[in-house]
Amino acid sequence: MNKAEMREKSFEEAIARLEQIIEFLEKGELSLEENLNLFEEGIALARHCRGRLDEAQGKVEILLGVEEGKAQTEPFQPEEEENTGE
Amino acid sequence: MAKIYTVSELTGYIKTLIERDTVLAGLWVKGEISNFTRHSSGHMYFTLKDEQARLRCVMFRTENRLLQFQPADGMAVLVAGRVAVYTKSGEYQLYAEQMEVAGIGSLYLAFEELKKRLAKEGLFDQARKKPLPVLAKKIGVITSPTGAAVRDIIRITRRRFPSVDLLIIPAQVQGEQAAQSISAALHRANTLADLDLLIVGRGGGSIEELWAFNEEIVARAIAASRLPVISAVGHETDFTIADMVADLRAPTPSGAAELAVPELQELRRRLLLMTERLNIAGLRILERKRNRWAEMANHPALLKPQRWLDIKRQRVDEAEERLARSIRNQLEKARAVLQKELATLDALSPLATLQRGYSICRREEDGRVVREAGQVDPGEEVRVILSRGELICTVNRKGEALDE
């Protein structure tokens with residue numbers, strides 16, 4: 001798996017693959033060569049997942065409209081406690 | 001010895017049991033009013049009944065002064081409230097908060113009808129429910145941008161998992177246009193490529209204020225959503241059609257935020273644990289690799305090449321012997337099968353029949369097998385084939401068939 005593929009992988013896919021790799025390695029039924037390859041992939045996946053967890057603060061935006069499939073947005077700041085009805 | 005309870009202790013125990021129950025904490029009951037009385041204090045006391053059961057009810061003045069109608073014996077009503085224990089009499093009763101005349105025009109009926117119809121179509125089926133992403137990158141929040149719901153959702157997602165992106169998709173969540181507005185927002189959200197999950201909802205309100213979430217157009221928009229949908233309508237006790245169609249129902253908007261994003265700390269712990277397991281497995285691989293080298297260094301091929309070759313040669317001889325034995329076995333088996341089949345063939349052959357004393361008679365003229373006396377005339381020649389040899393005979397007379 002190259003870096004671009006890794007970036008595209010969702011967190012749960014990465015976690016699921018990592019889980020699978022660990023199980024394979026713990027069972028120890030594969031050849032040494034295969035084990036080493038899996039181990040390397042596992043390390044890369046773990047690093048990728050940790051990267052996702054360390055990402056910076058996300059954005060909060062409000063949708064103003066959709067033009068040609070593109071969202072038109074602006075930053076959103078909720079009003080302070082007053083209108084509790086809705 | 002077993003503990004002995006006082007009446008108060010037991011009643012107190014039952015009271016906590018009942019009052020802790022989440023169903024009993026807020027529900028709708030339908031029934032017919034009987035024994036209706038209005039106390040001088042303004043509180044109403046009555047019994048709700050149906051064919052099989054009765055339920056004591058009380059509706060305090062603060063609640064019943066909002067009623068739009070005068071309750072009376074024999075009236076069919078829907079009552080919302082909570083069930084609790086009145087310690088003094090040791091009775092459980094329904095503390096009514098709202099009451100509606102059951103009948104035509106009731107929102108309840110419309111709700112039940114739609115619920116039944118959509119259930120029949122399979123819109124609530126578990127099999128339809130889409131799984132939620134473990135870690136959504138970007139969540140669409142369909143609600144009013146000015147309500148408490150949007151504030152709660154932002155606050156809680158921030159706290160649990162700061163890096164998640166939120167896109168507020170504004171919708172009118174009460175009033176005439178609400179259902180239309182919510183379903184339009186759902187459709188719009190589904191055209192955006194970068195969302196992973198939708199939350200649709202609003203904060204608490206009266207049943208009329210929440211009604212948009214009981215409308216068919218909203219239910220269908222949720223069902224049609226490509227993105228997984230978490231519904232978050234009103235309070236814990238509010239159950240809407242939207243909740244039933246959604247992939248997951250959250251009890252409140254805050255609850256939706258908790259269901260939508262994992263707790264960062266929890267994920268960190270999980271990943272750390274996996275990394276540890278991976279490292280241990282990695283160490284074990286290295287160890288095996290080292291052992292393998294040691295094993296190879298001690299290999300007979302390296303230590304005593306001649307002896308090792310001898311062993312290999314012996315193995316080849318043994319293999320040849322085994323192969324030859326196996327071929328012999330198979331040949332013998334095949335022969336046995338063949339013999340058995342030949343025996344079967346014999347039993348079926350006409351020759352075997354002749355051996356048992358039967359014979360075949362053919363007309364000499366054309367060789368046709370004679371099955372009936374009518375096939376030959378006296379004076380004609382027939383050939384009788386026996387097990388061994390044959391007889392050429394001339395027909396003298398014809399007899400009748402035995403069974404005629």
# chains A, B, ... in the order shown; residues from 1 in each chain; ligands from 1
>>> select_by_dssp(residues="chain A", states="strand (DSSP E or B)", output="list in words")
Val60, Glu61, Ile62, Leu63, Leu64, Gly65, Val66, Glu67, Lys70, Ala71, Gln72, Thr73, Glu74 and Pro75 of chain A
>>> write_last_selection(atoms="C-alpha atoms", output="short mmCIF file (atom, residue, chain, number, x, y, z; two decimals), in the first residue's frame")
data_model
loop_
_atom_site.label_atom_id
_atom_site.label_comp_id
_atom_site.auth_asym_id
_atom_site.auth_seq_id
_atom_site.Cartn_x
_atom_site.Cartn_y
_atom_site.Cartn_z
CA VAL A 60 -17.60 24.55 12.09
CA GLU A 61 -19.32 26.03 9.07
CA ILE A 62 -22.83 26.79 7.94
CA LEU A 63 -24.13 25.89 4.50
CA LEU A 64 -25.32 28.92 2.55
CA GLY A 65 -26.11 27.10 -0.67
CA VAL A 66 -24.94 24.51 -3.16
CA GLU A 67 -23.69 25.68 -6.54
CA LYS A 70 -20.01 22.73 -4.46
CA ALA A 71 -20.99 23.80 -0.95
CA GLN A 72 -20.98 27.55 -0.32
CA THR A 73 -20.17 27.97 3.35
CA GLU A 74 -19.05 30.45 5.96
CA PRO A 75 -17.68 29.95 9.49
#
>>> interface_residues(of="chain B", to="chain A", cutoff="9 Å", atoms="only C-alpha atoms", output="MDAnalysis selection string")
chainID B and resid 133:138 143:151 154 158 161:170 173:174 188 191:193 202:205 209 234 264 267:268 271:272 274:275 277:282 284:286 288:289
>>> atom_distance(atom1="atom CA of B:Trp28", atom2="atom CA of B:Gly81")
6.7 Å
>>> residues_around(residues="B:Arg397", least_positions_apart="5", cutoff="10 Å", atoms="only C-alpha atoms", output="list of chain:residue names")
B:Ala373, B:Asp377, B:Pro378, B:Gly379
>>> residues_around(residues="B:Ser41", least_positions_apart="4", cutoff="12 Å", atoms="only C-alpha atoms", output="VMD selection string")
chain B and resid 37 45 59 to 62 64
>>> closest_residue(among="B:Thr11, B:Gln126, B:Gln98, B:Asn214", to="B:Ala84", atoms="only C-alpha atoms")
B:Thr11
>>> residues_around(residues="B:Gly201", least_positions_apart="6", cutoff="12 Å", atoms="only C-alpha atoms", output="VMD selection string")
(chain A and resid 86) or (chain B and resid 140 to 145 147 to 150 152 to 153 168 to 174 178 to 179 182 to 183 185 to 186 209 to 214 218 222 229 to 235 238 to 240 242 to 243 246 249 to 257)
>>> atom_distance(atom1="atom CA of B:Gly357", atom2="atom CA of B:Val369")
17.3 Å
>>> residues_around(residues="B:Ala224", least_positions_apart="3", cutoff="10 Å", atoms="only C-alpha atoms", output="ChimeraX atom specification")
/B:123,186-187,190,218-221,227,245
>>> write_last_selection(atoms="C-alpha atoms", output="compact mmCIF listing (two decimals), in the first residue's frame")
# COMPACT_ATOMS: atom_id res chain seq x y z
CA LEU B 123 -38.84 1.47 6.13
CA LEU B 186 -31.57 16.13 3.71
CA HIS B 187 -31.55 15.97 -0.08
CA ASN B 190 -26.67 14.09 0.20
CA VAL B 218 -39.27 13.72 6.19
CA ALA B 219 -39.46 9.97 6.76
CA ARG B 220 -38.94 9.36 3.05
CA ALA B 221 -36.05 11.80 2.79
CA LEU B 227 -25.40 9.08 4.17
CA VAL B 245 -36.58 5.49 9.92
>>> select_by_dssp(residues="stretch 42-107 of chain B", states="helix (DSSP H, G or I)", output="short mmCIF file (atom, residue, chain, number, x, y, z; two decimals) with C-alpha atoms, in the first residue's frame")
data_model
loop_
_atom_site.label_atom_id
_atom_site.label_comp_id
_atom_site.auth_asym_id
_atom_site.auth_seq_id
_atom_site.Cartn_x
_atom_site.Cartn_y
_atom_site.Cartn_z
CA ARG B 61 -54.48 21.96 38.79
CA THR B 62 -51.32 23.43 37.25
CA GLU B 63 -51.63 20.96 34.37
CA ASN B 64 -55.40 20.69 34.00
CA LEU B 107 -52.41 13.84 15.58
#
>>> atom_distance(atom1="atom CA of A:Glu29", atom2="atom CA of A:Arg17")
17.4 Å
